[in-house]
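Peer 1: Below you'll find model02.csv; it's CSV, C-alpha atoms and all ligand atoms.
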```csv
chain,number,residue,atom,x,y,z
A,1451,LEU,CA,94.5,71.2,96.4
A,1452,ARG,CA,96.0,72.9,93.3
A,1453,GLU,CA,94.5,70.3,91.0
A,1454,MET,CA,91.1,70.8,92.6
A,1455,ARG,CA,91.4,74.5,92.3
A,1456,LYS,CA,92.3,74.3,88.6
A,1457,THR,CA,89.4,72.0,87.8
A,1458,ASN,CA,86.6,73.1,90.1
A,1459,LYS,CA,85.9,76.8,90.5
A,1460,THR,CA,82.6,76.5,92.3
A,1461,PHE,CA,82.2,78.0,95.7
A,1462,PRO,CA,79.6,77.6,98.5
A,1463,ARG,CA,76.5,79.9,98.1
A,1464,GLN,CA,77.1,83.3,99.7
A,1465,THR,CA,74.7,83.6,102.6
A,1466,ASN,CA,76.3,86.7,104.2
A,1467,THR,CA,76.1,89.5,101.5
A,1468,ARG,CA,76.6,92.5,103.8
A,1469,ILE,CA,80.0,93.5,102.4
A,1470,LEU,CA,79.0,92.9,98.7
A,1471,ASP,CA,75.7,94.8,99.4
A,1472,ALA,CA,77.6,97.8,100.5
A,1473,PHE,CA,78.7,98.1,96.8
A,1474,GLN,CA,75.2,98.0,95.4
A,1475,SER,CA,72.7,100.8,95.1
A,1476,PHE,CA,69.7,99.0,96.6
A,1477,ALA,CA,71.3,97.4,99.5
A,1478,GLN,CA,69.5,95.4,102.1
A,1479,PHE,CA,70.6,96.6,105.5
A,1480,ASP,CA,70.2,94.9,108.8
A,1481,ARG,CA,73.4,96.4,110.2
A,1482,ALA,CA,76.7,97.8,108.8
A,1483,PRO,CA,79.3,95.3,107.7
A,1484,ILE,CA,82.5,95.2,109.6
A,1485,TRP,CA,86.1,93.9,109.3
A,1486,MET,CA,89.5,95.2,110.5
A,1487,MET,CA,92.7,95.9,108.8
A,1488,ARG,CA,95.4,93.5,110.1
A,1489,GLN,CA,92.7,91.4,111.8
A,1490,ALA,CA,94.9,88.3,111.3
A,1491,GLY,CA,97.9,89.3,113.2
A,1492,ARG,CA,100.1,89.7,116.3
A,1493,TYR,CA,97.5,90.9,118.8
A,1494,LEU,CA,96.0,87.3,118.7
A,1495,PRO,CA,97.7,84.7,121.0
A,1496,GLU,CA,96.7,82.0,118.6
A,1497,PHE,CA,98.6,83.8,115.8
A,1498,LYS,CA,101.7,84.2,118.0
A,1499,GLU,CA,101.5,80.5,118.8
A,1500,ILE,CA,101.2,79.3,115.2
A,1501,MET,CA,104.1,81.7,114.2
A,1502,LYS,CA,106.4,80.7,117.1
A,1503,ASN,CA,108.7,78.5,115.1
A,1504,ARG,CA,107.8,79.7,111.6
A,1505,ASP,CA,109.3,82.1,109.2
A,1506,PHE,CA,106.7,84.7,107.9
A,1507,PHE,CA,107.1,83.9,104.2
A,1508,ASP,CA,107.1,80.2,104.9
A,1509,ALA,CA,103.8,80.6,106.6
A,1510,CYS,CA,102.5,82.6,103.6
A,1511,GLN,CA,103.7,80.0,101.2
A,1512,ASP,CA,101.9,77.1,102.9
A,1513,PRO,CA,98.2,77.5,101.8
A,1514,PHE,CA,96.9,75.5,104.8
A,1515,ILE,CA,98.8,77.6,107.3
A,1516,ALA,CA,97.9,80.8,105.5
A,1517,ALA,CA,94.2,79.8,105.4
A,1518,GLU,CA,94.2,78.9,109.1
A,1519,ILE,CA,95.7,82.2,110.1
A,1520,THR,CA,93.2,84.0,107.9
A,1521,LEU,CA,90.3,82.2,109.7
A,1522,GLN,CA,91.7,82.8,113.2
A,1523,PRO,CA,89.9,86.1,113.9
A,1524,LEU,CA,86.6,84.8,112.5
A,1525,LYS,CA,86.5,82.0,115.1
A,1526,GLN,CA,85.9,84.5,117.9
A,1527,PHE,CA,84.6,87.7,116.3
A,1528,ASP,CA,81.5,88.5,114.3
A,1529,LEU,CA,83.2,89.9,111.3
A,1530,ASP,CA,81.9,90.0,107.7
A,1531,ALA,CA,85.1,89.6,105.8
A,1532,ALA,CA,88.3,87.7,105.8
A,1533,ILE,CA,91.5,89.3,104.4
A,1534,ILE,CA,94.0,86.7,103.1
A,1535,PHE,CA,97.1,86.3,105.2
A,1536,SER,CA,99.9,87.5,103.0
A,1537,ASP,CA,101.8,90.7,102.7
A,1538,ILE,CA,102.2,93.6,100.2
A,1539,LEU,CA,105.8,92.4,99.8
A,1540,THR,CA,104.8,88.9,98.4
A,1541,LEU,CA,104.7,90.4,94.9
A,1542,PRO,CA,108.0,92.2,94.9
A,1543,LYS,CA,109.5,89.1,96.4
A,1544,ALA,CA,108.3,87.2,93.3
A,1545,MET,CA,109.7,89.9,91.1
A,1546,GLY,CA,113.3,89.3,92.2
A,1547,MET,CA,113.6,91.2,95.5
A,1548,GLU,CA,115.3,89.2,98.2
A,1549,ILE,CA,113.1,89.9,101.2
A,1550,ILE,CA,113.2,88.6,104.8
A,1551,MET,CA,110.7,89.4,107.5
A,1552,ASP,CA,112.6,90.3,110.6
A,1553,LYS,CA,110.5,89.7,113.7
A,1554,GLU,CA,111.7,93.1,115.2
A,1555,LYS,CA,112.4,95.3,112.2
A,1556,GLY,CA,109.7,94.1,109.8
A,1557,PRO,CA,110.6,93.7,106.1
A,1558,VAL,CA,114.3,93.8,105.1
A,1559,ILE,CA,115.3,93.7,101.4
A,1560,LYS,CA,118.8,92.4,100.8
A,1561,ASN,CA,119.2,93.5,97.2
A,1562,LYS,CA,117.4,96.9,97.3
A,1563,LEU,CA,117.6,99.1,94.2
A,1564,GLU,CA,120.6,101.4,94.6
A,1565,THR,CA,121.7,102.4,91.1
A,1566,ILE,CA,119.6,102.8,88.0
A,1567,ASP,CA,121.2,99.6,86.5
A,1568,ASP,CA,119.7,97.7,89.4
A,1569,ILE,CA,116.2,98.0,87.8
A,1570,ASN,CA,117.3,95.3,85.4
A,1571,ARG,CA,117.0,92.9,88.3
A,1572,ILE,CA,113.3,93.4,88.4
A,1573,LYS,CA,111.5,90.7,86.5
A,1574,SER,CA,108.0,89.4,85.8
A,1575,PRO,CA,107.2,86.8,88.4
A,1576,ASP,CA,107.7,83.2,87.5
A,1577,PRO,CA,104.0,82.0,87.2
A,1578,GLN,CA,104.7,79.3,89.7
A,1579,SER,CA,105.9,81.7,92.4
A,1580,LEU,CA,102.5,83.2,93.3
A,1581,GLU,CA,100.3,80.1,92.9
A,1582,HIS,CA,100.4,79.5,96.7
A,1583,VAL,CA,98.5,82.8,97.2
A,1584,TYR,CA,95.7,81.6,94.9
A,1585,ASP,CA,95.7,78.2,96.6
A,1586,ALA,CA,95.4,79.9,100.0
A,1587,LEU,CA,92.5,82.1,98.8
A,1588,TYR,CA,90.7,79.1,97.2
A,1589,LEU,CA,91.0,77.1,100.4
A,1590,THR,CA,89.9,80.0,102.5
A,1591,ARG,CA,86.9,80.7,100.3
A,1592,GLN,CA,85.8,77.1,100.5
A,1593,ALA,CA,86.2,77.2,104.3
A,1594,LEU,CA,84.3,80.5,104.7
A,1595,TYR,CA,81.3,78.7,103.3
A,1596,GLY,CA,79.6,81.9,102.2
A,1597,LYS,CA,79.5,83.3,105.7
A,1598,GLN,CA,82.1,86.0,105.1
A,1599,THR,CA,83.4,87.8,102.1
A,1600,LEU,CA,87.0,87.0,101.0
A,1601,ILE,CA,89.3,90.0,100.4
A,1602,GLY,CA,92.4,89.9,98.3
A,1603,PHE,CA,95.0,92.7,98.2
A,1604,CYS,CA,98.3,94.1,96.9
A,1605,GLY,CA,100.5,97.1,97.7
A,1606,ALA,CA,100.1,100.1,95.4
A,1607,PRO,CA,103.1,100.8,93.1
A,1608,PHE,CA,104.4,103.7,95.1
A,1609,THR,CA,104.4,101.9,98.4
A,1610,VAL,CA,106.0,98.8,96.9
A,1611,PHE,CA,108.6,101.0,95.0
A,1612,SER,CA,109.5,102.7,98.3
A,1613,TYR,CA,110.3,99.3,99.9
A,1614,MET,CA,112.4,98.4,96.8
A,1615,VAL,CA,114.6,101.4,97.2
A,1616,GLU,CA,114.6,102.0,100.9
A,1617,GLY,CA,115.1,98.3,101.7
A,1618,GLU,CA,112.9,98.6,104.9
A,1619,THR,CA,110.0,100.6,106.3
A,1620,SER,CA,111.3,104.1,106.1
A,1621,LYS,CA,110.7,107.1,108.3
A,1622,MET,CA,112.1,109.9,106.0
A,1623,PHE,CA,111.7,108.3,102.5
A,1624,LEU,CA,114.8,110.1,101.4
A,1625,LYS,CA,115.9,107.4,98.9
A,1626,THR,CA,112.4,107.3,97.5
A,1627,LYS,CA,112.4,111.0,97.0
A,1628,LYS,CA,115.9,110.9,95.4
A,1629,TRP,CA,114.7,108.4,92.9
A,1630,LEU,CA,111.5,110.3,92.2
A,1631,TYR,CA,113.1,113.7,91.6
A,1632,GLN,CA,116.5,112.6,90.2
A,1633,TYR,CA,115.8,109.4,88.3
A,1634,THR,CA,112.3,110.3,87.3
A,1635,GLN,CA,112.1,108.3,84.1
A,1636,GLU,CA,113.5,105.2,85.7
A,1637,THR,CA,111.2,105.6,88.6
A,1638,LYS,CA,108.2,105.9,86.3
A,1639,LYS,CA,109.4,102.8,84.5
A,1640,VAL,CA,109.5,100.8,87.7
A,1641,LEU,CA,106.2,102.1,88.9
A,1642,ASP,CA,104.5,101.1,85.6
A,1643,LEU,CA,106.1,97.6,85.8
A,1644,ILE,CA,104.9,97.1,89.4
A,1645,ALA,CA,101.5,98.4,88.3
A,1646,LYS,CA,101.2,95.8,85.4
A,1647,GLU,CA,102.3,92.9,87.6
A,1648,SER,CA,100.0,94.0,90.4
A,1649,ALA,CA,97.0,94.1,88.1
A,1650,GLN,CA,97.7,90.6,86.9
A,1651,TYR,CA,98.2,89.5,90.5
A,1652,LEU,CA,94.9,90.9,91.6
A,1653,ILE,CA,93.1,89.4,88.5
A,1654,ASN,CA,94.5,86.0,89.4
A,1655,GLN,CA,93.5,86.4,93.1
A,1656,VAL,CA,89.9,86.9,91.8
A,1657,LYS,CA,89.9,84.4,88.9
A,1658,GLU,CA,92.2,81.7,90.3
A,1659,GLY,CA,91.7,82.1,94.0
A,1660,GLY,CA,88.1,83.3,94.3
A,1661,ALA,CA,88.7,86.7,96.0
A,1662,GLN,CA,85.4,88.6,96.0
A,1663,VAL,CA,86.7,92.1,96.8
A,1664,VAL,CA,90.2,93.6,96.4
A,1665,GLN,CA,92.0,96.3,98.3
A,1666,ILE,CA,95.0,98.3,97.3
A,1667,PHE,CA,97.3,99.6,100.1
A,1668,ASP,CA,99.1,102.8,99.3
A,1669,SER,CA,100.4,103.1,102.9
A,1670,PHE,CA,103.0,105.7,102.1
A,1671,ALA,CA,100.9,107.8,99.8
A,1672,GLY,CA,101.0,110.7,102.3
A,1673,GLN,CA,104.8,110.9,102.1
A,1674,ILE,CA,104.9,113.1,99.0
A,1675,PRO,CA,102.9,116.2,98.1
A,1676,PHE,CA,99.8,115.7,96.0
A,1677,ILE,CA,101.5,117.5,93.1
A,1678,ASP,CA,104.0,114.7,92.9
A,1679,TYR,CA,101.5,112.0,93.6
A,1680,LYS,CA,99.4,113.3,90.7
A,1681,GLU,CA,102.3,113.6,88.3
A,1682,PHE,CA,104.3,110.5,89.1
A,1683,VAL,CA,102.0,108.0,90.9
A,1684,ILE,CA,98.5,108.4,89.5
A,1685,PRO,CA,99.6,107.3,85.9
A,1686,SER,CA,100.9,104.0,87.2
A,1687,LEU,CA,97.8,103.5,89.4
A,1688,ARG,CA,95.6,104.1,86.4
A,1689,ILE,CA,97.4,101.3,84.6
A,1690,LEU,CA,96.8,99.0,87.5
A,1691,LEU,CA,93.1,100.0,87.9
A,1692,GLU,CA,92.3,99.9,84.2
A,1693,GLU,CA,93.9,96.5,83.6
A,1694,PHE,CA,92.1,95.1,86.6
A,1695,LYS,CA,88.7,96.5,85.7
A,1696,LEU,CA,89.0,95.3,82.1
A,1697,GLU,CA,89.2,91.7,83.4
A,1698,CYS,CA,87.2,92.0,86.6
A,1699,PRO,CA,84.6,94.8,86.0
A,1700,THR,CA,82.2,93.6,88.7
A,1701,THR,CA,84.7,92.9,91.5
A,1702,PRO,CA,84.6,95.8,94.0
A,1703,LEU,CA,88.0,97.5,94.5
A,1704,ILE,CA,88.8,99.5,97.6
A,1705,MET,CA,91.6,102.1,97.5
A,1706,PHE,CA,93.5,103.0,100.6
A,1707,ALA,CA,95.8,106.0,100.0
A,1708,LYS,CA,96.8,106.5,103.6
A,1709,ASP,CA,97.3,110.0,105.0
A,1710,GLN,CA,96.1,111.4,101.7
A,1711,ASN,CA,92.5,112.3,102.4
A,1712,GLY,CA,92.8,115.7,100.9
A,1713,VAL,CA,90.0,116.4,98.7
A,1714,GLU,CA,92.2,116.5,95.6
A,1715,ILE,CA,93.2,112.9,95.6
A,1716,ILE,CA,89.7,111.6,96.3
A,1717,ILE,CA,88.3,113.8,93.4
A,1718,THR,CA,91.1,112.5,91.2
A,1719,PHE,CA,90.0,108.9,91.8
A,1720,LEU,CA,86.3,109.7,91.6
A,1721,LYS,CA,86.9,111.0,88.1
A,1722,MET,CA,88.6,107.8,86.9
A,1723,PHE,CA,86.5,105.5,84.7
A,1724,LEU,CA,86.9,102.8,82.2
A,1725,GLY,CA,83.9,103.4,79.9
A,1726,ASP,CA,81.0,103.6,82.5
A,1727,THR,CA,82.8,101.5,85.1
A,1728,PRO,CA,84.4,103.5,88.0
A,1729,LEU,CA,88.0,102.4,88.5
A,1730,VAL,CA,87.6,102.8,92.3
A,1731,ASP,CA,84.5,101.4,94.0
A,1732,GLY,CA,85.3,102.2,97.6
A,1733,PHE,CA,87.6,104.3,99.7
A,1734,GLN,CA,89.3,103.3,103.0
A,1735,LEU,CA,89.4,106.6,104.9
A,1736,ASP,CA,91.5,108.1,107.6
A,1737,SER,CA,90.0,109.1,111.0
A,1738,ASN,CA,90.2,112.8,110.2
A,1739,VAL,CA,88.4,112.8,106.9
A,1740,SER,CA,86.6,116.1,106.2
A,1741,ASP,CA,82.9,116.4,105.7
A,1742,GLU,CA,83.7,117.8,102.2
A,1743,VAL,CA,85.3,114.6,101.2
A,1744,LEU,CA,82.5,112.4,102.7
A,1745,VAL,CA,79.9,114.4,100.8
A,1746,LYS,CA,81.8,114.0,97.5
A,1747,ILE,CA,82.1,110.2,97.9
A,1748,ILE,CA,78.5,109.8,98.9
A,1749,GLU,CA,77.3,111.9,96.0
A,1750,SER,CA,79.4,109.8,93.7
A,1751,ASP,CA,77.7,106.6,94.9
A,1752,ARG,CA,80.9,105.1,96.1
A,1753,THR,CA,81.5,103.0,99.2
A,1754,ILE,CA,83.1,104.4,102.3
A,1755,GLN,CA,85.2,102.2,104.6
A,1756,GLY,CA,86.5,103.4,107.8
A,1757,ASN,CA,87.5,105.0,110.0
A,1758,LEU,CA,88.1,104.6,113.7
A,1759,GLU,CA,91.6,105.6,114.9
A,1760,PRO,CA,92.9,102.2,116.2
A,1761,GLY,CA,94.5,104.0,119.2
A,1762,VAL,CA,91.0,104.6,120.6
A,1763,LEU,CA,91.1,100.8,121.4
A,1764,PHE,CA,93.7,101.6,124.0
A,1765,GLY,CA,91.3,103.9,125.8
A,1766,THR,CA,88.5,103.5,128.2
A,1767,GLN,CA,85.2,101.8,127.3
A,1768,GLN,CA,83.4,105.1,127.5
A,1769,ILE,CA,85.6,106.8,124.9
A,1770,LEU,CA,85.6,103.8,122.7
A,1771,LYS,CA,81.8,103.6,122.7
A,1772,LYS,CA,81.5,107.4,122.1
A,1773,ARG,CA,83.9,107.4,119.2
A,1774,VAL,CA,82.1,104.4,117.6
A,1775,SER,CA,78.8,106.2,118.0
A,1776,GLN,CA,80.2,109.4,116.4
A,1777,MET,CA,81.7,107.5,113.5
A,1778,ILE,CA,78.5,105.7,112.7
A,1779,GLU,CA,76.5,108.9,113.1
A,1780,LYS,CA,78.7,110.5,110.5
A,1781,LEU,CA,78.8,107.6,108.1
A,1782,GLN,CA,75.2,106.3,108.2
A,1783,THR,CA,73.9,108.9,105.8
A,1784,THR,CA,75.0,106.4,103.2
A,1785,ARG,CA,74.1,102.7,103.2
A,1786,ARG,CA,77.3,102.1,101.3
A,1787,PHE,CA,79.6,102.0,104.3
A,1788,ILE,CA,81.8,99.3,105.9
A,1789,ILE,CA,83.1,99.7,109.4
A,1790,ASN,CA,86.8,99.4,109.8
A,1791,LEU,CA,89.7,101.1,111.6
A,1792,SER,CA,91.7,103.9,109.9
A,1793,HIS,CA,94.8,101.8,109.9
A,1794,GLY,CA,95.8,98.3,111.1
A,1795,LEU,CA,95.7,96.6,114.4
A,1796,THR,CA,99.1,96.3,116.1
A,1797,PRO,CA,100.6,93.7,118.6
A,1798,GLU,CA,99.7,96.1,121.5
A,1799,HIS,CA,96.0,95.8,120.9
A,1800,GLU,CA,94.0,93.7,123.5
A,1801,VAL,CA,91.7,91.0,122.3
A,1802,GLU,CA,88.9,92.2,124.7
A,1803,LYS,CA,89.0,95.8,123.4
A,1804,VAL,CA,88.9,94.5,119.8
A,1805,ARG,CA,85.8,92.5,120.8
A,1806,LEU,CA,84.2,95.5,122.3
A,1807,PHE,CA,84.9,97.6,119.2
A,1808,ILE,CA,83.1,95.0,117.1
A,1809,GLN,CA,80.2,94.5,119.4
A,1810,GLU,CA,79.6,98.2,119.8
A,1811,SER,CA,79.8,98.8,116.1
A,1812,ILE,CA,77.3,96.1,115.4
A,1813,ARG,CA,74.9,97.2,118.2
A,1814,GLN,CA,75.0,100.8,117.2
A,1815,SER,CA,74.7,100.4,113.5
A,1816,LYS,CA,71.5,98.3,114.1
A,1817,LEU,CA,69.9,101.4,115.5
A,1818,TYR,CA,69.9,102.8,111.9
A,1819,LYS,CA,68.3,99.7,110.4
A,1820,VAL,CA,65.0,101.2,109.5
A,1821,ARG,CA,66.2,104.5,108.2
A,1901,LIG,O1,94.9,90.7,108.7
A,1901,LIG,C1,95.7,91.1,107.8
A,1901,LIG,O2,95.5,92.2,107.3
A,1901,LIG,C2,96.7,90.1,107.3
A,1901,LIG,C3,97.3,90.4,106.0
A,1901,LIG,C4,98.4,91.6,105.9
A,1901,LIG,C5,98.2,92.8,105.2
A,1901,LIG,C6,97.0,93.3,104.5
A,1901,LIG,C7,99.7,91.6,106.4
A,1901,LIG,C8,100.2,90.5,107.3
A,1901,LIG,N1,100.3,92.7,106.0
A,1901,LIG,C9,99.5,93.4,105.2
A,1901,LIG,C10,99.7,94.7,104.5
A,1901,LIG,C11,101.0,95.4,104.7
A,1901,LIG,N2,102.3,94.9,105.0
A,1901,LIG,C12,101.1,96.8,104.6
A,1901,LIG,C13,100.0,97.7,104.2
A,1901,LIG,C14,99.0,98.0,105.3
A,1901,LIG,C15,99.5,98.9,106.3
A,1901,LIG,O3,99.8,100.1,106.0
A,1901,LIG,O4,99.5,98.5,107.5
A,1901,LIG,C16,102.4,97.2,104.9
A,1901,LIG,C17,103.0,98.6,104.8
A,1901,LIG,C18,103.2,96.0,105.1
A,1901,LIG,C19,104.6,95.8,105.4
A,1901,LIG,C20,104.9,95.1,106.6
A,1901,LIG,N3,104.7,93.7,106.8
A,1901,LIG,C21,105.5,95.5,107.9
A,1901,LIG,C22,106.0,96.9,108.1
A,1901,LIG,C23,104.9,97.9,108.4
A,1901,LIG,C24,104.1,97.6,109.7
A,1901,LIG,O5,102.9,97.6,109.7
A,1901,LIG,O6,104.8,97.4,110.7
A,1901,LIG,C25,105.5,94.4,108.7
A,1901,LIG,C26,106.0,94.4,110.2
A,1901,LIG,C27,105.0,93.3,108.0
A,1901,LIG,C28,104.9,91.9,108.6
A,1901,LIG,C29,103.5,91.4,108.7
A,1901,LIG,N4,102.6,91.4,107.6
A,1901,LIG,C30,101.4,90.8,108.1
A,1901,LIG,C31,101.7,90.4,109.4
A,1901,LIG,C32,100.6,89.7,110.3
A,1901,LIG,C33,103.0,90.8,109.8
A,1901,LIG,C34,103.7,90.5,111.1
A,1901,LIG,C35,104.5,89.3,111.1
A,1901,LIG,C36,105.2,88.9,112.3
A,1901,LIG,O7,106.0,89.7,112.7
A,1901,LIG,O8,104.9,87.9,112.9
```
Now, as a test, write the supplied structure out as structure tokens.
Peer 2:
Amino acid sequence: LREMRKTNKTFPRQTNTRILDAFQSFAQFDRAPIWMMRQAGRYLPEFKEIMKNRDFFDACQDPFIAAEITLQPLKQFDLDAAIIFSDILTLPKAMGMEIIMDKEKGPVIKNKLETIDDINRIKSPDPQSLEHVYDALYLTRQALYGKQTLIGFCGAPFTVFSYMVEGETSKMFLKTKKWLYQYTQETKKVLDLIAKESAQYLINQVKEGGAQVVQIFDSFAGQIPFIDYKEFVIPSLRILLEEFKLECPTTPLIMFAKDQNGVEIIITFLKMFLGDTPLVDGFQLDSNVSDEVLVKIIESDRTIQGNLEPGVLFGTQQILKKRVSQMIEKLQTTRRFIINLSHGLTPEHEVEKVRLFIQESIRQSKLYKVR
């Protein structure tokens, strides 16, 4: 597989262009494109089956298993994208963090950063250590056969950093804040380091693996005030985005700064360019995004991705249909929109409700076809 990937970078012709069209100004539009965050995951019985006797990172490191899991949701749902089965912690793991995925607790880091001397442990990944991700992407892209768009991803520097110092998914982010406000210079140094490696990682996902769109997950962006996000986090994100766009100017990039849909952060990203190239092409939005933010994004000709609260899928069919309709009503003023949830699916979600969400989104977005 690896040898094939290194010598043959041709892929099947793209027949489904809905996702890619959502990043173009003159998009064809039969219906809105749709995919779901965490679509390859624990709500699927076939995922639980394949993971029954497997360690999470072992599954990620086997390109055939990773590709199979990536394709699982596409076998039964009419989705327009595949997001590669991996994790935002794959990169910090390659950078020297010892991470296990606990079936109950989620990620646990055994050598988290506790003192400023610990940052010397962080290293550039050994080039071999991430090749399995590019192999899995390549294999998946071949298997998709142009019928879906392949999405690569990484965690944003702040979210990855918080895992490095907290050692697990945090509730209070006290250690993260201590580092940020007390060891500010060291924190910035680590954020910049993660940013540079993340840029290279995304570039490789595109150039080596064939990812067609990339998404950056800043899941914990909302844990600090915008004033701190702007001062400490944006500079490292700028490094990541600039280095990526320098190498991959035409690959659409979606930013997900969760719980940070204040107008300030979106405006900050909208103003970021490399020459004439916007650094962020699309925004994954929360459910409670304001009209002000929507207008700003639409006027700037960027793509909107969102934004149904996944909890609605626990509700009745009536409320699900109604909220899908209200979401589409709001978003359809731009052709540049991709239907998604506002955060990921969880093990509690029922397959049939997920199916209804997809079917309703497709049916209702078709109503706007001729507009
Ligand atoms: O379909 C997909 O999206 C599969 C790829 C994927 C992605 C994009 C996985 C697989 N993880 C992620 C991103 C990710 N991982 C984020 C950012 C997105 C978000 O905010 O939800 C974060 C914060 C993590 C960290 C993580 N990984 C956690 C803790 C947070 C949480 O959501 O609970 C956990 C439990 C994981 C494990 C994990 N990653 C992915 C899966 C399918 C699983 C579950 C593995 C298992 O227990 O069997």
Peer 1: Of the candidates A:Arg1571, A:Lys1695, A:Arg1455, A:Arg1504, which one gets nearest to ligand LIG 1901 (chain A) if we count all atoms listed in the file?
Peer 2: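 Smallest distance to ligand LIG 1901 (chain A) is found for A:Arg1504.
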Peer 1: Could you tell me which of A:Glu1618, A:Asp1471, A:Asp1726, A:Asp1576 comes closest to ligand LIG 1901 (chain A) if we count all atoms listed in the file?
Peer 2: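 Of A:Glu1618, A:Asp1471, A:Asp1726, A:Asp1576, the one nearest ligand LIG 1901 (chain A), counting all atoms listed in the file, is A:Glu1618.
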Peer 1: Write as a count of residues only the residues around ligand LIG 1901 (chain A), taking 9 Å as the cut-off and counting all atoms listed in the file.
Peer 2: 54
Peer 1: Can you work out the spacing between CA of Gly1732 (chain A) and CA of Thr1465 (chain A) in Å, to one decimal?
Peer 2: 22.0 Å
Peer 1: Point out the residue among A:Phe1623, A:Tyr1631, A:Tyr1651, A:Phe1719 with the least atom-to-atom distance to His1582 (chain A), counting only C-alpha atoms.
Peer 2: A:Tyr1651
Peer 1: Between CA of Lys1525 (chain A) and CA of Leu1494 (chain A), measure the distance and give it in Å to one decimal.
Peer 2: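 So the answer is 11.5 Å.
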Peer 1: Set the distance at 10 Å and use all atoms listed in the file: which residues neighbour Phe1787 (chain A) once local chain neighbours fewer than 6 positions away are removed? I'd like the list as an NGL selection string.
Peer 2: :A and (1468-1469 or 1471-1473 or 1482-1484 or 1732-1734 or 1748 or 1752-1756 or 1778 or 1781)
Peer 1: What does the distance from CA of Thr1718 (chain A) to CA of Ser1792 (chain A) come to in Å, to one decimal?
Peer 2: 20.6 Å
Peer 1: If we draw a sphere of 12 Å around (105.5, 99.7, 90.1), which residues have at least one atom in it when counting all atoms listed in the file? Please report them as a PyMOL selection string.
Peer 2: chain A and resi 1541-1542+1545+1569+1572-1574+1604-1615+1636-1649+1668+1682-1690
Peer 1: With distances taken over all atoms listed in the file, which residue among A:Glu1581, A:Ala1509, A:Phe1527, A:Leu1729 lies nearest Ile1808 (chain A)?
Peer 2: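 Of A:Glu1581, A:Ala1509, A:Phe1527, A:Leu1729, the one nearest Ile1808 (chain A) is A:Phe1527, counting all atoms listed in the file.
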Peer 1: Using all atoms listed in the file, give me every residue within 10 Å of (82.7, 100.2, 125.8) in file coordinates, as number ranges by chain.
Peer 2: A: 1763, 1765-1774, 1803, 1805-1807, 1809-1810
Peer 1: Only C-alpha atoms, please: the residues just picked out, written as a short mmCIF file (atom, residue, chain, number, x, y, z; two decimals), in the frame of the given file.
Peer 2:
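Saved result, out04.cif, follows:
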```cif
data_model
loop_
_atom_site.label_atom_id
_atom_site.label_comp_id
_atom_site.auth_asym_id
_atom_site.auth_seq_id
_atom_site.Cartn_x
_atom_site.Cartn_y
_atom_site.Cartn_z
CA LEU A 1763 91.10 100.80 121.40
CA GLY A 1765 91.30 103.90 125.80
CA THR A 1766 88.50 103.50 128.20
CA GLN A 1767 85.20 101.80 127.30
CA GLN A 1768 83.40 105.10 127.50
CA ILE A 1769 85.60 106.80 124.90
CA LEU A 1770 85.60 103.80 122.70
CA LYS A 1771 81.80 103.60 122.70
CA LYS A 1772 81.50 107.40 122.10
CA ARG A 1773 83.90 107.40 119.20
CA VAL A 1774 82.10 104.40 117.60
CA LYS A 1803 89.00 95.80 123.40
CA ARG A 1805 85.80 92.50 120.80
CA LEU A 1806 84.20 95.50 122.30
CA PHE A 1807 84.90 97.60 119.20
CA GLN A 1809 80.20 94.50 119.40
CA GLU A 1810 79.60 98.20 119.80
#
```
Peer 1: Measuring atom to atom with all atoms listed in the file, identify which of A:Val1664, A:Leu1630, A:Ile1601, A:Leu1652 is nearest to Glu1681 (chain A).
Peer 2: A:Leu1630
Peer 1: Taking all atoms listed in the file into account, name the residue in A:Asn1570, A:Thr1599, A:Asn1757, A:Ser1815 that is nearest to Thr1783 (chain A).
Peer 2: A:Ser1815
